[in-house]
Amino acid sequence: MKIIERSNFGRLIELLKEAGYEVYGPRALDGGLVYDHIEKDSDLPEGYKDQQGKGLYRLEKSGDPYLFGFAVGSQSWKKFLHPAEQRLWKAKKTGNGFTLLDPEPEPRPRMAFIGVRACEISAMTIQQKVYEQAAALSGNPATPDAPPFIVAVNCTHPSNNCFCTSMDTGPRVRSGFDISLTEILEDHSHYFIGESGSERGADLLAQIPSRQATEAEISRGKAATDKAAQSISRSLDTHGLKELLYQNYNHPSWEAVADRCLSCGNCTMVCPTCFCSSVEDTIDVTGQYAERWNKWDSCFSIDFSYIHGGPVRNSVKSRYRQWMTHKLATWIDQFGTSGCVGCGRCITWCPVGIDITEEASTIRNSPKTQEP
Amino acid sequence: MPKSGKPKLAVWKFASCDGCQLSLLDCEDQLLSIAGKIEIANFAEASSAIVKGPYDLSLVEGSITTEHDEERIHQVRKASRFLVTIGACATSGGIQALRNFSDVKEFISLVYARPQYISTLRKSTAIADHVKVDFELRGCPVSKDQLLEVITAYLGKKKPNIPNYSVCMECKLRGVVCVMVSQGKICMGPVTQAGCHALCPSCNRGCYSCFGPKETANSSSLAGWFLQKGASREEIVRLFRGFNGNADAFRKESEYYEE
């Protein structure tokens, strides 16, 4: 493992840019931490911390110079990997049919992400599985984009809403990164403990001015993430959770949560694994030109389940139940893992503070076992 | 169909400010393409040359506030194959529906020197309360792009891409940080229909609900949350009593907090 002094951190960004990557990382923007384009280390949210609660988020000055002294960004990295709105094709009318224009997809830039958390790497893995499975089912395997260069930063500042320890996704990264860093701030020193997770990660790490980490420094890094894990108080009991939810489709708590749920869709938008989208066809006034767009959608919107004759999930109760049961139960049958990574975003960004861990424990504490 | 073979468009005005129908003239770049595909047959704001009905597509702006309008809307309906209401006035009764919560006679006596000349209904109501409406386009004013989408979809014989989900969805699609959660601002976004591309939140303001209630709007949960966070009952009444105060989901909430 290598020690990179804070003063040399900017070199990492420069090297990534020199290698042709578009670099993205967290920025303090508009009262939140937004994953955005970054040019230099001063673009990072130095000295910021986040306070998170149910339906509550505050970005504050922390008074210390941590670059990554917060939990996770307001929205996840999925906005880069699977953009919110994407044109699938455009076409013009020809005779009785139409001709596709520019059928080749536009090349996307090679991306590098700085500051990715362990829970977010898990989310990327989960989403990738979903898309691979979907592509296989369509019999039309998509050409994968070059995977982004991942500079993970082990989480040392979890929020009140984090529960990665319950979902076994953090706070320390285990795989899926090119470089992992642990940020250490002590009396007179500020440095990163760096480790490579891939060949290209090792190549890049070797070019940053660094020295070998001492045993003491390595254990300090481990202690920092151990402390983070211990500080996480929120939990989700996953033991038999799938069966529990399957047996409680008619639990009265679904009605209770529907009284509070706004069906606004915020939870699904900020969730790093929610993948649902709709496909929209547009035409121009002349009727000579058409486009097809893929757009993020949400199981909380009534149109989402609209099929011939009407929507399948008319009530908010059925929509909330669909979301939570999919995330924590049917996802396991469908993709072999839970759909939740414990990042806490759905709790923070719900305008009325609905808490998925609380909803699950309400059912666990008063199960009404019945035939599904 | 007229001689041109093009469908005929009519634009009608009831109690309104004209802002929504002017959105059609505001289509500038696309206006000639529209005129190439549909005959603008009756649009007093654009031309005094009126082509007789019936009309294939009618855009109706404004709310019903007088007995005369109450009769006229039935004539408009009869003369129209496809009737689309545009804007908050036509779809919910508009800002003038604030009268619905008071005694309109009192207003008249205060405002007009000769109240005897004023003949008005006690309530301002949406067009759909009087005649069958084929499609409602929300907004105060309507979005020019959505208006164009409705006309284009009509011409292309397809369902218009007009989402009825929340403004929150637009915030997240744009990457706007939630002003309610991150700053504690009062925002109507979670109960309001999308269509403005989250204009106010993207300018660091809460949503005023120009587009009215979203599908299955849960006004009572949001109002309860505001109350819990320190908003007064009066503030909540004002919040739900805006451009779309007469829309069911909002009217019930403001009446509840007024009691």
# chains A, B, ... in the order shown; residues from 1 in each chain; ligands from 1
$ residues_around --residues "Glu5 of chain A" --least-positions-apart "3" --cutoff "8 Å" --atoms "only C-alpha atoms" --output "PyMOL selection string"
chain A and resi 8-9+190-192+210
$ interface_residues --of "chain B" --to "chain A" --cutoff "9 Å" --atoms "only C-alpha atoms" --output "PyMOL selection string"
chain B and resi 30+33-34+36-37+148-149+151-153+155-156+160-161+163-169+172-184+189-192+204+214-222+225
$ select_by_dssp --residues "segment 117-161 of chain B" --states "alpha helix (DSSP H)" --output "list of chain:residue names"
B:Lys144, B:Asp145, B:Gln146, B:Leu147, B:Leu148, B:Glu149, B:Val150, B:Ile151, B:Thr152, B:Ala153, B:Tyr154, B:Leu155
$ select_by_dssp --residues "segment 69-231 of chain B" --states "strand (DSSP E or B)" --output "VMD selection string"
chain B and resid 80 to 86 125 135 to 137 139 142 166 192 to 193 213
$ atom_distance --atom1 "atom CA of Thr165 of chain A" --atom2 "atom CA of Ala216 of chain A"
25.1 Å
$ atom_distance --atom1 "atom CA of Ile150 of chain A" --atom2 "atom CA of Ser180 of chain A"
8.1 Å
$ atom_distance --atom1 "atom CA of Ala123 of chain A" --atom2 "atom CA of Ile218 of chain A"
26.8 Å
